[in-house]
Amino acid sequence: MAAVEIKNLSKAFGSLKVLDDISLKINEGENVVVFGRSGTGKSVLLKCMVRLLEPDSGEIFIEGQDVLKLPVNKLNGIRKYIGFLFQSSALYDSMSVRENLEFPLMRNFSFTPAERERKVKSVLEKVSLEDSIDKMPAELSGGMKKRIGLARTIITEPKLILYDEPTTGLDPITTKEISQLIVELQKDLNTTSIIVTHDLICARIIASHAVVLNDGKIRFEGNLESLTTQDDPFLKDFFTNEIIEAKNGRI
Amino acid sequence: MANNSQEKLTRSIADRRLNEFFSTIAGLTIFSFEFLKNVFLPPYEFGEIRKHMDELGVKTLPIVSVTGFIIGLVLAMQSQPVMARFGAEAFLPSMVALSVVRELGPVITALIFAGRVSSGIGAELGSMRVTEQIDAMEVSAINPFKFLVVTRVLACTIILPVLTLYVIFLAILGGYLAIFLSKGINFELYTNSVVNSLQFSDIVPGIAKTFFFGYIVGIVGAYKGYYTENGTVGVGRASTSSVVIASLIILVADMVLGKLTVALWS
């Protein structure tokens with residue numbers, strides 16, 4: 001069964017068509033990376049899937065239900081099982097790391113305080129930040145924020161995780177660490193993942209399948225390895241730059 | 001020619017401002033309906049409301065304390081020579097009490113509260129919006145409107161009347177100090193005069209309107225912050241425009257409620 005199925009999705013901002021009749025199917029347990037130039041609608045695609053943005057037309061099936069037609073209470077039922085890692089990490093400034101992690105558990109699930117504490121400590125151990133439990137987000141570095149954001153995303157054990165540029169703005173070593181962490185977590189939790197990124201290092205570590213968006217349409221869909229050997233001039237041009245950047249990153 | 005183009009420019013700026021004004025009023029009305037829809041729905045977030053009441057109350061306490069005391073003091077100081085000229089010095093305590101309870105206490109506290117709190121709410125929610133924290137709440141299946149907006153608006157609505165009573169108390173004390181320094185009035189005589197001059201119809205409308213003022217401060221700040229756009233520039237704009245709009249609406253509401261009070265109580 002498909003974990004996510006998108007049919008004929010379109011979204012425009014004024015006269016600018018960002019997504020133009022996109023159809024995509026992602027199977028359970030699959031890790032798909034979405035590439036594309038800035039402004040080609042990668043993040044818009046993710047945001048439409050959780051209805052942070054309302055598409056103009058199309059259908060998005062998650063768990064067999066068209067999320068675009070669900071009333072808010074039913075949509076929230078599905079959102080509980082979707083994890084979303086924001087580009088900015090989006091940690092709640094006014095809450096400590098512990099409170100950030102406990103927040104979705106307290107609101108949506110009926111865990112006892114002891115169970116919550118155990119879960120918080122367990123996810124912090126997974127992201128190797130046990131010592132930061134009582135810190136405030138302002139006291140964390142960019143990489144640490146990403147890790148805590150990741151911990152908050154997985155604490156509810158989601159079936160589907162959407163990553164919006166998880167390694168943007170991080171140095172190559174931290175990028176590699178975060179990407180490896182994502183892979184380990186996916187293995188542990190057996191999730192389906194959609195990763196929006198520009199980062200080929202991250203993509204190669206995490207995903208096996210790739211989708212490339214350009215001018216609102218899907219330009220490529222298939223195996224990640226075959227992507228860099230395509231004859232399409234756009235793909236060649238796009239990935240030559242990415243490969244140079246990736247190699248530089250590795251050096 | 002130059003005059004013509006300048007006139008066009010002025011007209012287009014005026015049109016834009018007018019448009020902005022009406023769209024803010026329309027937006028605030030819809031936002032208020034959204035508030036009313038959410039306020040009765042569980043969960044009720046009592047803990048959050050209490051937390052915001054503590055924060056907002058404590059944040060505003062120093063400035064309203066100083067202002068309250070000085071209002072009473074200056075009012076008595078300035079009025080005394082005029083009252084003396086008409087041979088009405090004996091009514092000075094009553095005049096201070098009535099002015100402060102009916103008008104000055106509620107309106108000045110509300111304006112200070114708007115300056116301190118509405119801008120704070122606008123900036124806080126605005127930065128949460130631009131850093132995607134509100135989106136993060138929404139995708140976690142948590143109602144951000146309920147958690148962020150309803151709690152803050154309710155906290156403002158409840159805490160402002162309490163602050164106003166405190167300001168009135170301090171202003172009356174300030175009035176006593178001024179009269180005591182110039183005329184050496186006895187404290188008991190002063191309090192008797194104040195208590196005897198105040199009637200139910202003075203206290204209730206004066207305090208009742210502060211519930212509206214508190215609501216205005218909260219809803220305007222939350223509205224401007226919740227719909228912030230354009231990054232950090234937008235946050236600054238949300239913060240300043242919250243104060244301006246909240247203060248204007250408070251003054252207009254004061255006029256309307258004042259008229260209503262006169263109509264109802266007379």
# chains A, B, ... in the order shown; residues from 1 in each chain; ligands from 1
$ interface_residues --of "chain A" --to "chain B" --cutoff "7 Å" --atoms "only C-alpha atoms" --output "ChimeraX atom specification"
/A:50,52,76,79-80,88,90-92,104,107
$ select_by_dssp --residues "region 47-242 of chain A" --states "helix (DSSP H, G or I)" --output "NGL selection string"
:A and (47-49 or 67-69 or 72-79 or 97-108 or 113-126 or 130-132 or 137-139 or 142-154 or 172-189 or 200-206 or 224-227 or 233-242)
$ residues_around --residues "Ile78 (chain A)" --least-positions-apart "4" --cutoff "8 Å" --atoms "only C-alpha atoms" --output "MDAnalysis selection string"
chainID A and resid 62:63 74 82
$ atom_distance --atom1 "CA of Arg37 (chain A)" --atom2 "CA of Asp215 (chain A)"
9.2 Å
$ residues_around --residues "Thr228 (chain A)" --least-positions-apart "6" --cutoff "8 Å" --atoms "only C-alpha atoms" --output "NGL selection string"
:A and (235-236 or 239)
$ residues_around --residues "Gly236 (chain B)" --least-positions-apart "5" --cutoff "10 Å" --atoms "only C-alpha atoms" --output "PyMOL selection string"
chain B and resi 119+122-123+126-127+225+228+231+241-242
$ write_last_selection --atoms "N, CA and C atoms" --output "compact mmCIF listing (two decimals), in the first residue's frame"
# COMPACT_ATOMS: atom_id res chain seq x y z
N SER B 119 2.10 45.31 22.38
CA SER B 119 3.31 45.22 21.55
C SER B 119 4.06 43.94 21.86
N GLY B 122 2.24 41.09 20.20
CA GLY B 122 2.45 41.19 18.75
C GLY B 122 3.84 40.69 18.36
N ALA B 123 4.85 41.11 19.13
CA ALA B 123 6.23 40.70 18.81
C ALA B 123 6.44 39.22 19.07
N GLY B 126 4.47 37.21 16.56
CA GLY B 126 5.05 37.50 15.24
C GLY B 126 6.33 36.71 15.03
N SER B 127 7.19 36.69 16.06
CA SER B 127 8.44 35.94 15.88
C SER B 127 8.16 34.44 15.86
N GLY B 225 0.26 39.87 15.61
CA GLY B 225 1.35 38.90 15.69
C GLY B 225 1.07 37.62 14.93
N THR B 228 1.65 37.83 11.15
CA THR B 228 2.87 38.55 10.74
C THR B 228 3.45 37.94 9.47
N GLY B 231 9.17 38.38 7.64
CA GLY B 231 10.30 38.18 8.55
C GLY B 231 10.38 39.16 9.69
N SER B 241 2.43 48.50 15.33
CA SER B 241 1.04 48.77 14.91
C SER B 241 0.04 48.24 15.94
N SER B 242 0.42 47.21 16.70
CA SER B 242 -0.47 46.71 17.76
C SER B 242 -0.77 47.82 18.76
$ residues_around --residues "region 199-210 of chain B" --least-positions-apart "4" --cutoff "12 Å" --atoms "only C-alpha atoms" --output "mmCIF file with N, CA and C atoms, in the first residue's frame"
data_model
loop_
_atom_site.group_PDB
_atom_site.id
_atom_site.type_symbol
_atom_site.label_atom_id
_atom_site.label_comp_id
_atom_site.auth_asym_id
_atom_site.auth_seq_id
_atom_site.Cartn_x
_atom_site.Cartn_y
_atom_site.Cartn_z
ATOM 1 N N SER B 94 -13.408 64.282 46.666
ATOM 2 C CA SER B 94 -14.463 63.681 45.830
ATOM 3 C C SER B 94 -14.123 63.816 44.356
ATOM 4 N N ALA B 97 -11.415 61.349 43.462
ATOM 5 C CA ALA B 97 -11.949 59.981 43.458
ATOM 6 C C ALA B 97 -12.812 59.735 42.221
ATOM 7 N N LEU B 98 -13.718 60.677 41.949
ATOM 8 C CA LEU B 98 -14.631 60.480 40.806
ATOM 9 C C LEU B 98 -13.885 60.461 39.466
ATOM 10 N N SER B 99 -12.943 61.390 39.316
ATOM 11 C CA SER B 99 -12.188 61.454 38.051
ATOM 12 C C SER B 99 -11.399 60.170 37.829
ATOM 13 N N VAL B 100 -10.778 59.714 38.909
ATOM 14 C CA VAL B 100 -9.909 58.549 38.789
ATOM 15 C C VAL B 100 -10.732 57.267 38.577
ATOM 16 N N VAL B 101 -11.829 57.155 39.276
ATOM 17 C CA VAL B 101 -12.628 55.921 39.165
ATOM 18 C C VAL B 101 -13.378 55.862 37.839
ATOM 19 N N ARG B 102 -13.939 56.965 37.429
ATOM 20 C CA ARG B 102 -14.790 56.937 36.227
ATOM 21 C C ARG B 102 -13.984 56.960 34.929
ATOM 22 N N GLU B 103 -12.897 57.707 34.905
ATOM 23 C CA GLU B 103 -12.250 57.920 33.620
ATOM 24 C C GLU B 103 -10.734 57.705 33.607
ATOM 25 N N LEU B 104 -10.037 58.490 34.432
ATOM 26 C CA LEU B 104 -8.573 58.478 34.315
ATOM 27 C C LEU B 104 -7.952 57.123 34.621
ATOM 28 N N GLY B 105 -8.392 56.500 35.704
ATOM 29 C CA GLY B 105 -7.822 55.191 36.095
ATOM 30 C C GLY B 105 -7.983 54.165 34.986
ATOM 31 N N PRO B 106 -9.237 53.891 34.541
ATOM 32 C CA PRO B 106 -9.425 52.875 33.504
ATOM 33 C C PRO B 106 -8.697 53.189 32.194
ATOM 34 N N VAL B 107 -8.813 54.442 31.726
ATOM 35 C CA VAL B 107 -8.264 54.747 30.397
ATOM 36 C C VAL B 107 -6.737 54.784 30.421
ATOM 37 N N ILE B 108 -6.167 55.440 31.432
ATOM 38 C CA ILE B 108 -4.700 55.532 31.449
ATOM 39 C C ILE B 108 -4.071 54.154 31.698
ATOM 40 N N THR B 109 -4.668 53.372 32.570
ATOM 41 C CA THR B 109 -4.129 52.007 32.794
ATOM 42 C C THR B 109 -4.201 51.221 31.485
ATOM 43 N N ALA B 110 -5.335 51.340 30.787
ATOM 44 C CA ALA B 110 -5.497 50.582 29.532
ATOM 45 C C ALA B 110 -4.467 51.026 28.493
ATOM 46 N N LEU B 111 -4.214 52.332 28.419
ATOM 47 C CA LEU B 111 -3.246 52.814 27.417
ATOM 48 C C LEU B 111 -1.821 52.347 27.746
ATOM 49 N N PHE B 113 -1.135 49.691 29.513
ATOM 50 C CA PHE B 113 -1.191 48.233 29.297
ATOM 51 C C PHE B 113 -1.051 47.914 27.802
ATOM 52 N N ALA B 114 -1.696 48.721 26.964
ATOM 53 C CA ALA B 114 -1.596 48.504 25.507
ATOM 54 C C ALA B 114 -0.153 48.677 25.054
ATOM 55 N N CYS B 156 -5.390 38.906 29.363
ATOM 56 C CA CYS B 156 -5.473 40.380 29.317
ATOM 57 C C CYS B 156 -6.824 40.858 29.838
ATOM 58 N N THR B 157 -7.900 40.165 29.421
ATOM 59 C CA THR B 157 -9.257 40.573 29.802
ATOM 60 C C THR B 157 -9.447 40.496 31.316
ATOM 61 N N ILE B 158 -8.823 39.497 31.933
ATOM 62 C CA ILE B 158 -9.014 39.321 33.381
ATOM 63 C C ILE B 158 -8.074 40.233 34.185
ATOM 64 N N ILE B 159 -6.835 40.389 33.710
ATOM 65 C CA ILE B 159 -5.843 41.085 34.539
ATOM 66 C C ILE B 159 -5.994 42.611 34.500
ATOM 67 N N LEU B 160 -6.509 43.170 33.406
ATOM 68 C CA LEU B 160 -6.581 44.635 33.326
ATOM 69 C C LEU B 160 -7.507 45.245 34.391
ATOM 70 N N PRO B 161 -8.709 44.677 34.634
ATOM 71 C CA PRO B 161 -9.533 45.239 35.710
ATOM 72 C C PRO B 161 -8.824 45.211 37.067
ATOM 73 N N VAL B 162 -8.055 44.151 37.316
ATOM 74 C CA VAL B 162 -7.330 44.055 38.590
ATOM 75 C C VAL B 162 -6.287 45.176 38.676
ATOM 76 N N LEU B 163 -5.549 45.358 37.575
ATOM 77 C CA LEU B 163 -4.542 46.430 37.549
ATOM 78 C C LEU B 163 -5.195 47.794 37.707
ATOM 79 N N THR B 164 -6.379 47.964 37.089
ATOM 80 C CA THR B 164 -7.069 49.257 37.165
ATOM 81 C C THR B 164 -7.465 49.572 38.607
ATOM 82 N N LEU B 165 -7.989 48.557 39.322
ATOM 83 C CA LEU B 165 -8.359 48.776 40.728
ATOM 84 C C LEU B 165 -7.136 49.207 41.539
ATOM 85 N N TYR B 166 -6.016 48.578 41.237
ATOM 86 C CA TYR B 166 -4.767 48.899 41.932
ATOM 87 C C TYR B 166 -4.344 50.342 41.621
ATOM 88 N N VAL B 167 -4.465 50.729 40.336
ATOM 89 C CA VAL B 167 -4.094 52.098 39.937
ATOM 90 C C VAL B 167 -5.009 53.114 40.611
ATOM 91 N N ILE B 168 -6.298 52.807 40.661
ATOM 92 C CA ILE B 168 -7.260 53.722 41.300
ATOM 93 C C ILE B 168 -6.879 53.928 42.768
ATOM 94 N N SER B 193 -14.515 61.199 52.840
ATOM 95 C CA SER B 193 -14.994 62.027 51.738
ATOM 96 C C SER B 193 -14.982 61.258 50.421
ATOM 97 N N VAL B 194 -13.906 60.494 50.222
ATOM 98 C CA VAL B 194 -13.794 59.687 48.991
ATOM 99 C C VAL B 194 -14.903 58.633 48.952
ATOM 100 N N VAL B 195 -15.040 57.884 50.042
ATOM 101 C CA VAL B 195 -16.006 56.775 50.084
ATOM 102 C C VAL B 195 -17.430 57.309 49.907
ATOM 103 N N GLY B 214 -9.180 45.395 28.137
ATOM 104 C CA GLY B 214 -8.242 44.264 28.225
ATOM 105 C C GLY B 214 -8.387 43.356 27.024
ATOM 106 N N TYR B 215 -9.645 43.114 26.650
ATOM 107 C CA TYR B 215 -9.901 42.279 25.479
ATOM 108 C C TYR B 215 -9.304 42.919 24.219
ATOM 109 N N ILE B 216 -9.492 44.226 24.096
ATOM 110 C CA ILE B 216 -8.962 44.941 22.910
ATOM 111 C C ILE B 216 -7.437 44.817 22.842
ATOM 112 N N VAL B 217 -6.786 45.032 23.983
ATOM 113 C CA VAL B 217 -5.314 44.941 24.016
ATOM 114 C C VAL B 217 -4.864 43.551 23.567
ATOM 115 N N ILE B 250 -9.181 51.643 21.980
ATOM 116 C CA ILE B 250 -9.524 51.875 23.396
ATOM 117 C C ILE B 250 -10.193 53.251 23.559
ATOM 118 N N LEU B 251 -9.621 54.251 22.913
ATOM 119 C CA LEU B 251 -10.175 55.611 23.055
ATOM 120 C C LEU B 251 -11.575 55.713 22.447
ATOM 121 N N VAL B 252 -11.739 55.070 21.274
ATOM 122 C CA VAL B 252 -13.064 55.094 20.639
ATOM 123 C C VAL B 252 -14.069 54.308 21.501
ATOM 124 N N ALA B 253 -13.620 53.144 22.010
ATOM 125 C CA ALA B 253 -14.509 52.335 22.851
ATOM 126 C C ALA B 253 -14.877 53.085 24.116
ATOM 127 N N ASP B 254 -13.917 53.850 24.659
ATOM 128 C CA ASP B 254 -14.180 54.619 25.876
ATOM 129 C C ASP B 254 -15.291 55.639 25.632
ATOM 130 N N MET B 255 -15.210 56.261 24.446
ATOM 131 C CA MET B 255 -16.224 57.259 24.100
ATOM 132 C C MET B 255 -17.605 56.595 23.991
ATOM 133 N N VAL B 256 -17.643 55.469 23.287
ATOM 134 C CA VAL B 256 -18.920 54.763 23.073
ATOM 135 C C VAL B 256 -19.463 54.241 24.406
ATOM 136 N N LEU B 257 -18.565 53.605 25.189
ATOM 137 C CA LEU B 257 -19.011 53.040 26.463
ATOM 138 C C LEU B 257 -19.408 54.143 27.442
ATOM 139 N N GLY B 258 -18.715 55.285 27.367
ATOM 140 C CA GLY B 258 -19.058 56.423 28.214
ATOM 141 C C GLY B 258 -20.469 56.914 27.924
ATOM 142 N N LYS B 259 -20.769 57.011 26.653
ATOM 143 C CA LYS B 259 -22.093 57.466 26.223
ATOM 144 C C LYS B 259 -23.163 56.457 26.671
ATOM 145 N N LEU B 260 -22.815 55.174 26.493
ATOM 146 C CA LEU B 260 -23.736 54.097 26.861
ATOM 147 C C LEU B 260 -24.019 54.120 28.355
ATOM 148 N N THR B 261 -22.931 54.366 29.133
ATOM 149 C CA THR B 261 -23.070 54.411 30.591
ATOM 150 C C THR B 261 -24.006 55.540 30.998
ATOM 151 N N VAL B 262 -23.796 56.687 30.385
ATOM 152 C CA VAL B 262 -24.644 57.848 30.710
ATOM 153 C C VAL B 262 -26.104 57.520 30.391
ATOM 154 N N ALA B 263 -26.313 56.899 29.217
ATOM 155 C CA ALA B 263 -27.672 56.557 28.805
ATOM 156 C C ALA B 263 -28.310 55.550 29.762
ATOM 157 N N LEU B 264 -27.532 54.554 30.176
ATOM 158 C CA LEU B 264 -28.076 53.492 31.023
ATOM 159 C C LEU B 264 -28.307 53.937 32.455
ATOM 160 N N TRP B 265 -27.323 54.668 33.034
ATOM 161 C CA TRP B 265 -27.391 54.995 34.452
ATOM 162 C C TRP B 265 -28.162 56.264 34.756
ATOM 163 N N SER B 266 -28.338 57.101 33.760
ATOM 164 C CA SER B 266 -29.134 58.288 34.071
ATOM 165 C C SER B 266 -30.574 57.964 33.714
#
$ residues_around --residues "region 27-32 of chain B" --least-positions-apart "2" --cutoff "8 Å" --atoms "only C-alpha atoms" --output "short mmCIF file (atom, residue, chain, number, x, y, z; two decimals) with C-alpha atoms, in the first residue's frame"
data_model
loop_
_atom_site.label_atom_id
_atom_site.label_comp_id
_atom_site.auth_asym_id
_atom_site.auth_seq_id
_atom_site.Cartn_x
_atom_site.Cartn_y
_atom_site.Cartn_z
CA SER B 23 -8.91 45.48 6.15
CA THR B 24 -7.54 45.60 9.73
CA ILE B 25 -11.02 46.26 11.09
CA GLU B 34 -12.63 32.90 15.77
CA PHE B 35 -11.81 33.75 19.39
CA LEU B 36 -15.44 33.34 20.44
CA ILE B 219 -6.98 40.65 20.56
CA VAL B 220 -5.18 43.42 18.64
CA TYR B 223 -4.11 39.47 15.59
#
$ atom_distance --atom1 "CA of Ile172 (chain B)" --atom2 "CA of Ala155 (chain B)"
26.2 Å
$ atom_distance --atom1 "CA of Ala76 (chain B)" --atom2 "CA of Ala178 (chain B)"
6.1 Å
$ closest_atom_pairs --of "region 19-88 of chain A" --to "region 190-209 of chain A" --cutoff "7 Å" --atoms "only C-alpha atoms" --output "CSV"
residue,atom,partner,partner_atom,distance
A:Glu28,CA,A:Thr192,CA,5.6
A:Gly29,CA,A:Thr192,CA,4.3
A:Glu30,CA,A:Thr192,CA,5.2
A:Asn31,CA,A:Ser193,CA,4.6
A:Val32,CA,A:His209,CA,4.8
A:Val33,CA,A:Ile195,CA,4.6
A:Val34,CA,A:Val196,CA,4.7
A:Phe35,CA,A:Thr197,CA,5.9
A:Lys42,CA,A:Val196,CA,6.2
A:Ser43,CA,A:Val196,CA,6.9
$ write_last_selection --atoms "N, CA and C atoms" --output "compact mmCIF listing (two decimals), in the first residue's frame"
# COMPACT_ATOMS: atom_id res chain seq x y z
N GLU A 28 5.25 2.45 1.43
CA GLU A 28 5.58 2.36 2.86
C GLU A 28 7.03 1.95 3.05
N GLY A 29 7.72 2.60 3.94
CA GLY A 29 9.10 2.26 4.25
C GLY A 29 10.11 2.86 3.29
N GLU A 30 9.62 3.57 2.27
CA GLU A 30 10.52 4.15 1.27
C GLU A 30 11.07 5.50 1.76
N ASN A 31 12.30 5.79 1.40
CA ASN A 31 12.88 7.11 1.72
C ASN A 31 13.11 7.85 0.41
N VAL A 32 12.36 8.90 0.20
CA VAL A 32 12.44 9.61 -1.08
C VAL A 32 13.00 11.01 -0.87
N VAL A 33 13.96 11.37 -1.71
CA VAL A 33 14.52 12.71 -1.58
C VAL A 33 13.95 13.57 -2.71
N VAL A 34 13.58 14.81 -2.37
CA VAL A 34 13.03 15.73 -3.38
C VAL A 34 14.06 16.83 -3.64
N PHE A 35 14.55 16.88 -4.87
CA PHE A 35 15.52 17.90 -5.27
C PHE A 35 14.82 18.99 -6.08
N LYS A 42 9.41 22.73 -3.54
CA LYS A 42 9.69 21.53 -2.73
C LYS A 42 9.04 21.64 -1.34
N SER A 43 9.31 22.77 -0.68
CA SER A 43 8.74 22.94 0.66
C SER A 43 7.22 23.10 0.58
$ closest_residue --among "B:Val150, B:Leu198, B:Leu73, B:Leu181" --to "Lys37 (chain B)" --atoms "only C-alpha atoms"
B:Val150
